[in-house]
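Q: Sharing protein-v6.csv, CSV, C-alpha atoms and all ligand atoms:
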chain,number,residue,atom,x,y,z
A,4,MET,CA,-131.7,33.1,11.5
A,5,SER,CA,-135.0,32.8,13.4
A,6,ARG,CA,-135.4,31.0,16.7
A,7,ASP,CA,-137.9,28.5,15.2
A,8,ILE,CA,-136.7,25.9,12.8
A,9,LEU,CA,-140.2,24.7,12.0
A,10,THR,CA,-143.4,26.7,11.6
A,11,VAL,CA,-146.6,24.9,10.9
A,12,GLU,CA,-149.6,27.1,10.0
A,13,GLY,CA,-153.3,26.0,9.5
A,14,LEU,CA,-152.2,22.6,8.4
A,15,LYS,CA,-154.9,20.2,7.2
A,16,ALA,CA,-154.3,16.7,5.8
A,17,TYR,CA,-157.2,14.4,5.0
A,18,TYR,CA,-157.5,10.8,3.8
A,19,GLN,CA,-159.6,11.1,0.7
A,20,MET,CA,-161.3,7.9,-0.4
A,21,ASN,CA,-163.9,6.8,-2.8
A,22,TYR,CA,-165.9,3.7,-1.8
A,23,PHE,CA,-168.0,2.6,-4.8
A,24,GLY,CA,-168.5,6.1,-6.0
A,25,VAL,CA,-169.1,7.6,-2.5
A,26,GLU,CA,-166.5,10.1,-1.4
A,27,ARG,CA,-165.3,9.8,2.2
A,28,GLU,CA,-162.9,12.2,3.9
A,29,VAL,CA,-161.0,11.4,7.2
A,30,ARG,CA,-159.8,14.6,8.7
A,31,ALA,CA,-156.7,13.2,10.3
A,32,VAL,CA,-154.9,16.6,10.6
A,33,ASP,CA,-157.3,19.4,11.0
A,34,ASP,CA,-156.0,22.9,11.3
A,35,ILE,CA,-152.7,22.5,13.3
A,36,THR,CA,-150.6,25.6,14.0
A,37,MET,CA,-147.3,25.2,16.0
A,38,THR,CA,-143.6,25.8,16.0
A,39,VAL,CA,-140.5,23.9,17.0
A,40,ARG,CA,-137.3,25.7,18.1
A,41,ARG,CA,-133.7,25.0,17.2
A,42,GLY,CA,-132.2,22.4,19.5
A,43,GLU,CA,-135.6,21.6,21.0
A,44,VAL,CA,-137.1,18.1,21.6
A,45,TYR,CA,-140.9,18.3,21.1
A,46,GLY,CA,-143.0,15.4,22.0
A,47,ILE,CA,-146.4,14.6,20.5
A,48,ALA,CA,-148.9,12.5,22.5
A,49,GLY,CA,-152.5,11.4,22.1
A,50,GLU,CA,-154.5,8.2,21.9
A,51,SER,CA,-154.6,5.8,19.0
A,52,SER,CA,-156.1,7.2,15.8
A,53,SER,CA,-155.9,10.8,16.9
A,54,GLY,CA,-153.7,11.8,13.9
A,55,LYS,CA,-150.2,11.8,15.3
A,56,THR,CA,-148.6,9.6,12.6
A,57,SER,CA,-150.5,11.5,9.8
A,58,PHE,CA,-149.2,14.8,11.2
A,59,ILE,CA,-145.6,13.8,11.3
A,60,LYS,CA,-145.9,12.2,7.9
A,61,VAL,CA,-146.5,15.7,6.6
A,62,LEU,CA,-143.5,17.0,8.5
A,63,ALA,CA,-141.4,14.2,7.2
A,64,ALA,CA,-142.5,14.9,3.6
A,65,ALA,CA,-143.8,11.3,3.5
A,66,VAL,CA,-147.4,11.9,2.4
A,67,ARG,CA,-148.8,9.3,0.1
A,68,PRO,CA,-152.4,8.9,-1.3
A,69,PRO,CA,-155.0,8.5,0.1
A,70,LEU,CA,-153.5,11.1,2.5
A,71,ARG,CA,-153.6,14.6,0.9
A,72,ILE,CA,-152.6,18.0,2.1
A,73,VAL,CA,-155.7,20.1,1.9
A,74,ASP,CA,-154.5,23.4,3.4
A,75,GLY,CA,-151.8,25.2,5.3
A,76,SER,CA,-148.0,25.0,5.4
A,77,ALA,CA,-145.1,23.3,7.2
A,78,ARG,CA,-142.0,25.5,6.7
A,79,PHE,CA,-138.5,24.5,7.8
A,80,ASP,CA,-135.9,27.1,8.0
A,81,PHE,CA,-132.8,25.1,7.3
A,82,LYS,CA,-129.2,26.5,7.0
A,83,THR,CA,-129.4,25.7,3.3
A,84,GLY,CA,-132.7,27.8,3.0
A,85,PRO,CA,-136.4,27.6,3.8
A,86,ILE,CA,-138.6,24.8,2.5
A,87,ASP,CA,-142.4,24.3,2.9
A,88,VAL,CA,-142.6,20.5,2.9
A,89,ALA,CA,-146.4,20.6,2.4
A,90,HIS,CA,-145.9,22.1,-1.1
A,91,ALA,CA,-142.3,21.2,-2.1
A,92,SER,CA,-141.5,19.2,-5.2
A,93,ALA,CA,-140.0,15.7,-5.1
A,94,GLN,CA,-136.7,17.2,-6.2
A,95,GLU,CA,-136.7,19.9,-3.4
A,96,ILE,CA,-137.5,17.2,-0.8
A,97,GLU,CA,-134.8,15.0,-2.2
A,98,ALA,CA,-132.3,17.8,-1.6
A,99,VAL,CA,-133.0,18.0,2.1
A,100,ARG,CA,-133.8,14.4,2.8
A,101,TRP,CA,-131.4,12.8,5.4
A,102,LYS,CA,-129.0,15.8,5.3
A,103,SER,CA,-131.3,18.3,6.8
A,104,LEU,CA,-134.5,16.4,7.6
A,105,SER,CA,-134.6,12.8,8.6
A,106,TYR,CA,-137.2,10.3,9.8
A,107,ILE,CA,-137.0,7.4,12.2
A,108,MET,CA,-140.0,5.3,11.2
A,109,GLN,CA,-142.3,3.1,13.2
A,110,GLY,CA,-140.9,-0.4,13.3
A,111,SER,CA,-137.3,-0.7,12.3
A,112,MET,CA,-137.8,-3.4,9.7
A,113,SER,CA,-139.8,-1.2,7.4
A,114,VAL,CA,-136.8,1.0,6.6
A,115,LEU,CA,-134.3,-1.9,6.4
A,116,ASN,CA,-134.4,-4.0,3.2
A,117,PRO,CA,-134.4,-7.6,4.4
A,118,VAL,CA,-132.3,-8.8,1.4
A,119,ARG,CA,-129.7,-6.0,1.6
A,120,ARG,CA,-126.7,-5.9,4.0
A,121,ILE,CA,-126.8,-3.0,6.5
A,122,GLY,CA,-123.6,-1.5,4.9
A,123,LYS,CA,-125.4,-1.3,1.5
A,124,THR,CA,-128.4,0.4,3.1
A,125,PHE,CA,-126.1,3.0,4.6
A,126,ARG,CA,-124.6,3.6,1.2
A,127,ASP,CA,-128.0,4.0,-0.4
A,128,PHE,CA,-129.1,6.5,2.3
A,129,ALA,CA,-126.0,8.4,3.1
A,130,GLN,CA,-123.3,8.3,0.5
A,131,ARG,CA,-124.8,11.0,-1.7
A,132,PRO,CA,-125.9,13.4,1.0
A,133,LEU,CA,-122.5,13.1,2.7
A,134,GLY,CA,-120.5,13.5,-0.5
A,135,LEU,CA,-118.0,10.8,0.6
A,136,SER,CA,-117.0,7.6,-1.0
A,137,GLY,CA,-114.8,4.6,-0.4
A,138,ARG,CA,-112.7,4.5,2.7
A,139,ALA,CA,-113.7,8.0,3.9
A,140,PHE,CA,-117.4,7.0,3.8
A,141,GLU,CA,-116.8,3.7,5.6
A,142,GLU,CA,-114.7,5.4,8.3
A,143,ARG,CA,-117.4,7.9,8.9
A,144,VAL,CA,-120.1,5.2,9.2
A,145,VAL,CA,-118.0,3.0,11.5
A,146,HIS,CA,-117.3,6.0,13.7
A,147,HIS,CA,-121.0,6.9,13.9
A,148,LEU,CA,-122.0,3.3,14.6
A,149,SER,CA,-119.5,3.1,17.5
A,150,ARG,CA,-121.2,6.1,19.1
A,151,LEU,CA,-124.4,4.0,18.9
A,152,LYS,CA,-122.4,1.1,20.5
A,153,LEU,CA,-122.6,-1.0,17.4
A,154,PRO,CA,-119.6,-3.0,16.2
A,155,PRO,CA,-118.3,-2.5,12.6
A,156,ASP,CA,-119.4,-6.0,11.6
A,157,VAL,CA,-123.1,-5.0,11.6
A,158,LEU,CA,-122.4,-3.5,8.2
A,159,ARG,CA,-121.9,-7.0,6.8
A,160,ALA,CA,-125.0,-8.3,8.5
A,161,TYR,CA,-128.5,-8.7,7.1
A,162,PRO,CA,-131.3,-7.2,9.2
A,163,HIS,CA,-132.7,-10.5,10.4
A,164,GLU,CA,-129.3,-11.4,11.9
A,165,LEU,CA,-129.5,-8.5,14.4
A,166,SER,CA,-131.6,-8.2,17.6
A,167,GLY,CA,-134.5,-5.9,17.7
A,168,GLY,CA,-132.6,-3.4,19.8
A,169,MET,CA,-129.6,-3.4,17.4
A,170,ARG,CA,-131.9,-3.0,14.4
A,171,GLN,CA,-133.5,0.0,16.1
A,172,ARG,CA,-130.0,1.5,16.8
A,173,VAL,CA,-129.1,0.9,13.1
A,174,THR,CA,-132.3,2.9,12.2
A,175,ILE,CA,-131.2,5.7,14.4
A,176,GLY,CA,-127.8,5.5,12.9
A,177,LEU,CA,-129.2,5.9,9.4
A,178,ALA,CA,-131.3,8.8,10.5
A,179,THR,CA,-128.5,10.7,12.1
A,180,VAL,CA,-125.3,9.8,10.2
A,181,CYS,CA,-125.6,12.9,8.0
A,182,HIS,CA,-126.0,15.1,11.1
A,183,PRO,CA,-129.5,16.4,10.1
A,184,GLU,CA,-130.8,19.6,11.6
A,185,PHE,CA,-134.2,18.0,12.2
A,186,VAL,CA,-135.1,14.5,13.2
A,187,ILE,CA,-138.6,13.1,13.2
A,188,ALA,CA,-139.3,9.9,15.2
A,189,ASP,CA,-142.5,7.9,15.2
A,190,GLU,CA,-142.9,5.6,18.2
A,191,PRO,CA,-139.1,4.9,18.2
A,192,THR,CA,-139.2,2.4,21.0
A,193,THR,CA,-142.5,0.6,20.4
A,194,ALA,CA,-142.0,-3.2,20.5
A,195,LEU,CA,-138.7,-3.0,22.4
A,196,ASP,CA,-138.4,-4.2,26.0
A,197,VAL,CA,-138.1,-1.7,28.7
A,198,VAL,CA,-134.3,-1.8,29.2
A,199,VAL,CA,-133.5,-1.5,25.4
A,200,GLN,CA,-136.2,1.2,25.3
A,201,LYS,CA,-134.3,3.4,27.8
A,202,GLU,CA,-131.1,2.8,26.0
A,203,VAL,CA,-132.5,3.8,22.6
A,204,LEU,CA,-134.2,6.9,24.1
A,205,SER,CA,-131.0,8.1,25.8
A,206,LEU,CA,-129.1,7.6,22.5
A,207,ILE,CA,-131.6,9.8,20.6
A,208,ARG,CA,-131.2,12.4,23.4
A,209,ASP,CA,-127.4,12.3,23.4
A,210,ILE,CA,-127.2,12.5,19.6
A,211,GLN,CA,-129.7,15.4,19.6
A,212,ARG,CA,-127.6,17.3,22.1
A,213,GLU,CA,-124.3,16.6,20.4
A,214,MET,CA,-125.6,17.8,17.0
A,215,ASP,CA,-127.8,20.5,18.5
A,216,SER,CA,-130.6,19.2,16.2
A,217,SER,CA,-134.3,19.5,16.8
A,218,VAL,CA,-136.4,16.4,17.3
A,219,VAL,CA,-140.1,15.9,17.0
A,220,PHE,CA,-141.2,12.5,18.3
A,221,VAL,CA,-144.4,10.7,18.7
A,222,THR,CA,-145.3,8.2,21.4
A,223,HIS,CA,-148.5,7.4,23.4
A,224,ASP,CA,-146.2,6.6,26.4
A,225,MET,CA,-146.4,9.7,28.6
A,226,SER,CA,-143.5,8.7,30.8
A,227,VAL,CA,-141.2,8.8,27.7
A,228,HIS,CA,-142.4,12.3,27.1
A,229,ALA,CA,-141.7,13.2,30.7
A,230,ASN,CA,-138.1,12.1,30.4
A,231,MET,CA,-137.3,13.2,26.8
A,232,ALA,CA,-139.3,16.2,25.8
A,233,ASP,CA,-138.6,19.9,26.4
A,234,ARG,CA,-142.2,20.6,25.3
A,235,VAL,CA,-145.2,18.4,24.8
A,236,GLY,CA,-148.1,18.8,22.4
A,237,ILE,CA,-151.3,16.8,22.8
A,238,ILE,CA,-153.3,15.9,19.7
A,239,TYR,CA,-157.0,15.0,20.1
A,240,ALA,CA,-159.1,14.1,17.0
A,241,GLY,CA,-156.8,15.7,14.5
A,242,ARG,CA,-156.2,18.9,16.5
A,243,LEU,CA,-153.5,20.2,18.8
A,244,VAL,CA,-155.5,20.8,22.0
A,245,GLU,CA,-152.7,21.8,24.3
A,246,GLU,CA,-148.9,22.3,24.3
A,247,GLY,CA,-146.5,23.5,26.9
A,248,PRO,CA,-143.3,22.9,28.8
A,249,THR,CA,-143.2,19.3,29.8
A,250,ARG,CA,-143.3,19.8,33.6
A,251,GLN,CA,-146.3,22.1,33.3
A,252,MET,CA,-148.1,19.6,31.2
A,253,PHE,CA,-147.8,17.0,33.9
A,254,PHE,CA,-148.3,19.1,37.0
A,255,ALA,CA,-150.5,21.9,35.7
A,256,PRO,CA,-152.3,20.8,32.6
A,257,LYS,CA,-154.8,23.3,31.2
A,258,HIS,CA,-157.0,21.0,29.1
A,259,PRO,CA,-159.3,18.4,30.6
A,260,TYR,CA,-158.0,15.8,28.1
A,261,THR,CA,-154.4,16.3,29.2
A,262,ALA,CA,-155.5,16.2,32.8
A,263,HIS,CA,-157.1,12.9,32.1
A,264,LEU,CA,-154.0,11.5,30.4
A,265,VAL,CA,-151.9,12.5,33.3
A,266,ALA,CA,-154.3,11.4,36.0
A,267,SER,CA,-154.6,7.9,34.5
A,268,LEU,CA,-150.9,7.2,34.8
A,269,PRO,CA,-150.0,4.7,37.5
A,270,ARG,CA,-148.4,6.1,40.7
A,271,ILE,CA,-146.0,4.1,42.8
A,272,GLY,CA,-147.7,2.8,46.0
A,273,ASP,CA,-151.1,4.0,44.9
A,274,THR,CA,-153.5,1.2,44.2
A,275,THR,CA,-156.7,3.2,43.8
A,276,GLN,CA,-158.7,2.8,40.6
A,277,ARG,CA,-157.6,5.1,37.8
A,278,PRO,CA,-160.4,7.3,36.4
A,279,ALA,CA,-161.6,6.0,33.1
A,280,LEU,CA,-162.5,8.4,30.3
A,281,GLU,CA,-166.0,7.6,29.1
A,282,GLY,CA,-166.9,7.3,25.4
A,283,ARG,CA,-164.7,6.8,22.4
A,284,PRO,CA,-162.7,9.2,20.3
A,285,PRO,CA,-164.8,10.7,17.5
A,286,ASN,CA,-165.0,9.4,14.0
A,287,LEU,CA,-162.8,11.7,12.0
A,288,ALA,CA,-165.0,11.2,8.9
A,289,ASN,CA,-167.7,13.0,10.9
A,290,PRO,CA,-166.3,14.8,13.9
A,291,PRO,CA,-168.6,16.6,16.4
A,292,GLN,CA,-169.2,20.3,16.1
A,293,GLY,CA,-167.6,22.7,18.6
A,294,CYS,CA,-164.8,21.3,20.7
A,295,ARG,CA,-164.2,17.7,19.5
A,296,PHE,CA,-163.6,16.6,23.1
A,297,HIS,CA,-167.0,17.8,24.4
A,298,PRO,CA,-168.9,14.5,24.2
A,299,ARG,CA,-166.4,13.0,26.7
A,300,CYS,CA,-165.5,16.1,28.7
A,301,PRO,CA,-166.6,16.3,32.4
A,302,LEU,CA,-166.5,20.2,32.1
A,303,ALA,CA,-168.4,20.6,28.9
A,304,ILE,CA,-171.0,23.4,28.7
A,305,GLU,CA,-173.3,24.6,25.9
A,306,LYS,CA,-170.6,26.8,24.4
A,307,CYS,CA,-168.3,23.8,24.0
A,308,ARG,CA,-170.9,22.0,21.9
A,309,GLU,CA,-171.2,25.0,19.5
A,310,GLN,CA,-168.0,26.8,19.2
A,311,VAL,CA,-164.4,25.6,18.5
A,312,PRO,CA,-162.1,26.9,21.2
A,313,PRO,CA,-159.0,28.6,19.8
A,314,LEU,CA,-155.6,27.7,21.1
A,315,GLU,CA,-154.9,30.5,23.5
A,316,THR,CA,-151.8,31.4,25.4
A,317,VAL,CA,-152.5,30.8,29.1
A,318,ALA,CA,-148.9,31.0,30.5
A,319,PRO,CA,-145.5,31.5,29.0
A,320,ASP,CA,-145.0,28.9,26.2
A,321,HIS,CA,-148.3,27.2,27.3
A,322,ARG,CA,-151.3,27.2,25.0
A,323,THR,CA,-154.6,25.4,25.3
A,324,ALA,CA,-157.8,25.1,23.3
A,325,CYS,CA,-160.5,24.9,26.0
A,326,TRP,CA,-163.2,27.3,27.0
A,327,ARG,CA,-163.0,26.1,30.6
A,328,TRP,CA,-159.2,25.9,31.1
A,329,ARG,CA,-159.5,27.9,34.3
A,330,ASP,CA,-161.5,25.1,35.8
A,331,VAL,CA,-159.1,22.3,35.0
A,332,VAL,CA,-157.9,20.8,38.2
A,333,PRO,CA,-154.1,20.7,38.3
A,334,LEU,CA,-152.2,17.8,39.8
A,335,VAL,CA,-149.8,20.0,41.7
A,336,GLY,CA,-149.0,18.4,45.1
A,337,ALA,CA,-150.0,15.0,44.0
A,338,ALA,CA,-147.4,12.2,43.8
A,339,ALA,CA,-145.6,12.1,40.5
A,340,PRO,CA,-146.7,9.4,38.2
A,341,ALA,CA,-144.4,6.4,37.9
A,342,GLY,CA,-141.5,7.2,35.5
A,343,VAL,CA,-142.2,11.0,35.7
A,344,PRO,CA,-139.4,13.0,37.5
A,345,ALA,CA,-141.0,14.6,40.6
B,1,LIG,N1,-154.3,4.7,5.0
B,1,LIG,C1,-155.3,5.2,5.6
B,1,LIG,N2,-156.5,5.3,4.9
B,1,LIG,C2,-157.6,5.8,5.5
B,1,LIG,N3,-157.6,6.3,6.8
B,1,LIG,C3,-156.5,6.2,7.5
B,1,LIG,C4,-155.3,5.7,6.9
B,1,LIG,N4,-154.3,5.8,7.9
B,1,LIG,C5,-154.9,6.3,9.0
B,1,LIG,N5,-156.2,6.6,8.8
B,1,LIG,C6,-157.1,7.2,9.7
B,1,LIG,O1,-156.6,8.5,10.0
B,1,LIG,C7,-156.9,8.8,11.4
B,1,LIG,C8,-155.6,9.2,12.1
B,1,LIG,O2,-154.7,8.1,12.0
B,1,LIG,P1,-153.2,8.1,12.5
B,1,LIG,O3,-152.5,6.8,12.2
B,1,LIG,O4,-152.6,9.4,12.0
B,1,LIG,O5,-153.4,8.2,14.1
B,1,LIG,P2,-152.3,7.9,15.3
B,1,LIG,O6,-152.7,8.9,16.3
B,1,LIG,O7,-150.9,8.0,14.8
B,1,LIG,O8,-152.7,6.5,15.8
B,1,LIG,P3,-151.8,5.3,16.4
B,1,LIG,O9,-151.3,5.8,17.7
B,1,LIG,O10,-152.7,4.1,16.5
B,1,LIG,O11,-150.6,5.1,15.4
B,1,LIG,C9,-157.6,7.6,12.0
B,1,LIG,O12,-159.0,7.8,12.0
B,1,LIG,C10,-157.2,6.5,11.0
B,1,LIG,O13,-158.2,5.5,10.9
Since I need it in another form, could you write the structure as structure tokens?

A:
Amino acid sequence: MSRDILTVEGLKAYYQMNYFGVEREVRAVDDITMTVRRGEVYGIAGESSSGKTSFIKVLAAAVRPPLRIVDGSARFDFKTGPIDVAHASAQEIEAVRWKSLSYIMQGSMSVLNPVRRIGKTFRDFAQRPLGLSGRAFEERVVHHLSRLKLPPDVLRAYPHELSGGMRQRVTIGLATVCHPEFVIADEPTTALDVVVQKEVLSLIRDIQREMDSSVVFVTHDMSVHANMADRVGIIYAGRLVEEGPTRQMFFAPKHPYTAHLVASLPRIGDTTQRPALEGRPPNLANPPQGCRFHPRCPLAIEKCREQVPPLETVAPDHRTACWRWRDVVPLVGAAAPAGVPA
């Protein structure tokens, strides 16, 4: 069995729309190549509309029109065999769904049917993949819920009868009850208050460790990455622009965009103005030539306007797509941002 459980190669997924006869293409995922290891937690960060959700929709085999896979592959190497979710049939996806590959979606209500009791939803999701029925199934679910600190009576409740934090734990329960090898989570704690957020994140981490599953999660909150991820990948305008071990990403970033994301985090006791990044992210229907970050980059030179920088390895496990990575000023020695372990 290879060390990597997921291998993404040259993946492109575009929204293809037709407005009154005019074709329009939004290049939300544009040539992403990366891997995720067994047992690893890989965090994906980037600002709004950079393509994070579109990317993980491909990984979660949840692509629906107008999003279409245009090129590349996303191959999982599960114990039951390999599967390229970018090209698999609905039946092949069905065979790995929940048992091998599961998805914690944005906003817990979207996955919970408001007119169905939680227990019924568990049955819909997990009974077939687990191959259990009756009492054995119920015992398994109740035991799993207890690990999530949820009482058995949630099974009789309707979603609206639970608090936001409980609903989110139910969602995590649904995504993990079959002990999947790979869990994908999209902003799993958005809309929760800080205390519940911490609880939910440590639950995901505990369950991941216990099951030795791999997790890919998306959040724009860098302090969550600092505390959860083994490695972090930064997406800018549909492309992976840097990835590396979490600590290095915070203290020795090699891409000016990552350096900006880290520098703009608040630091305890520091009241100086945070540097603002000028300009807006590019329109993905018509992205700029060369490096997509060049119109906003303080280090941009002529070459950046003309040539796309390849993702090159600059340190063990650390890759960046920047012609000027040697000139990116690291934050080593600076105070750790709030919420980031020093
Ligand atoms: N259903 C859709 N139809 C057309 N374009 C879309 C659709 N959904 C997203 N897009 C576009 O695709 C691009 C990437 O969006 P995506 O939601 O993947 O970004 P994101 O990084 O997850 O953003 P956020 O953090 O706000 O969720 C954006 O330009 C967005 O406007």

Q: List all protein, DNA and RNA residues that have at least one atom no more than 8 Å from any atom of ligand LIG 1 (chain B), counting all atoms listed in the file, and write them as number ranges by chain.

A: A: 17-20, 29-32, 49-58, 68-70, 222-223, 238, 240-241, 286-288

Q: Counting all atoms listed in the file, which residue out of A:Tyr161, A:Tyr45, A:Phe254, A:Phe185 sits closest to A:Ala63?

A: A:Phe185

Q: Write out as an MDAnalysis selection string which residues come within 7 Å of A:Leu104 when counting only C-alpha atoms, dropping same-chain ones fewer than 4 positions away.

A: chainID A and resid 99:100 183:186

Q: Name the closest residue to A:Pro155 among the candidates A:Leu115, A:Met37, A:Val173, A:Ala65; distances are taken between atoms, counting only C-alpha atoms.

A: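 Smallest separation from A:Pro155 among the options: A:Val173.
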
Q: Can you pull out the residues contacting A:Leu243? Cut-off 9 Å, using all atoms listed in the file, and skip same-chain residues under 3 positions away; I want them as a PyMOL selection string.

A: chain A and resi 33-37+236-240+246+314+323-324

Q: Which of these, A:Val343, A:Glu97, A:Ile47, A:Val145, has the shortest distance to A:Val244 once you count all atoms listed in the file?

A: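 Smallest separation from A:Val244 among the options: A:Ile47.
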
Q: Which residues are close to A:Thr261, i.e. within 9 Å by all atoms listed in the file, leaving aside same-chain residues fewer than 3 positions away? Reply as an NGL selection string.

A: :A and (49 or 237 or 244-245 or 252-253 or 256-258 or 264-266)

Q: What's the 8 Å shell around A:Val61, counting only C-alpha atoms, without same-chain residues fewer than 3 positions away, as number ranges by chain?

A: A: 16, 57-58, 64-66, 72, 77, 88-89

Q: As a PDB file with C-alpha atoms, in the frame of the given file, please: the residues near A:Val332 (cut-off 9 Å, only C-alpha atoms, same-chain neighbours under 2 positions excluded).

A:
ATOM      1  CA  ALA A 255    -150.500  21.900  35.700  1.00  0.00           C
ATOM      2  CA  PRO A 256    -152.300  20.800  32.600  1.00  0.00           C
ATOM      3  CA  LYS A 257    -154.800  23.300  31.200  1.00  0.00           C
ATOM      4  CA  PRO A 259    -159.300  18.400  30.600  1.00  0.00           C
ATOM      5  CA  ALA A 262    -155.500  16.200  32.800  1.00  0.00           C
ATOM      6  CA  TRP A 328    -159.200  25.900  31.100  1.00  0.00           C
ATOM      7  CA  ARG A 329    -159.500  27.900  34.300  1.00  0.00           C
ATOM      8  CA  ASP A 330    -161.500  25.100  35.800  1.00  0.00           C
ATOM      9  CA  LEU A 334    -152.200  17.800  39.800  1.00  0.00           C
ATOM     10  CA  VAL A 335    -149.800  20.000  41.700  1.00  0.00           C
TER      11      VAL A 335
END

Q: In Å, how far is it from atom CA of A:Gln211 to atom CA of A:Glu43?

A: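 Calculated distance between atom CA of A:Gln211 and atom CA of A:Glu43 is 8.7 Å.
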
Q: Work out how far atom CA of A:Lys152 is from atom CA of A:Ala139, in Å to one decimal.

A: 20.0 Å
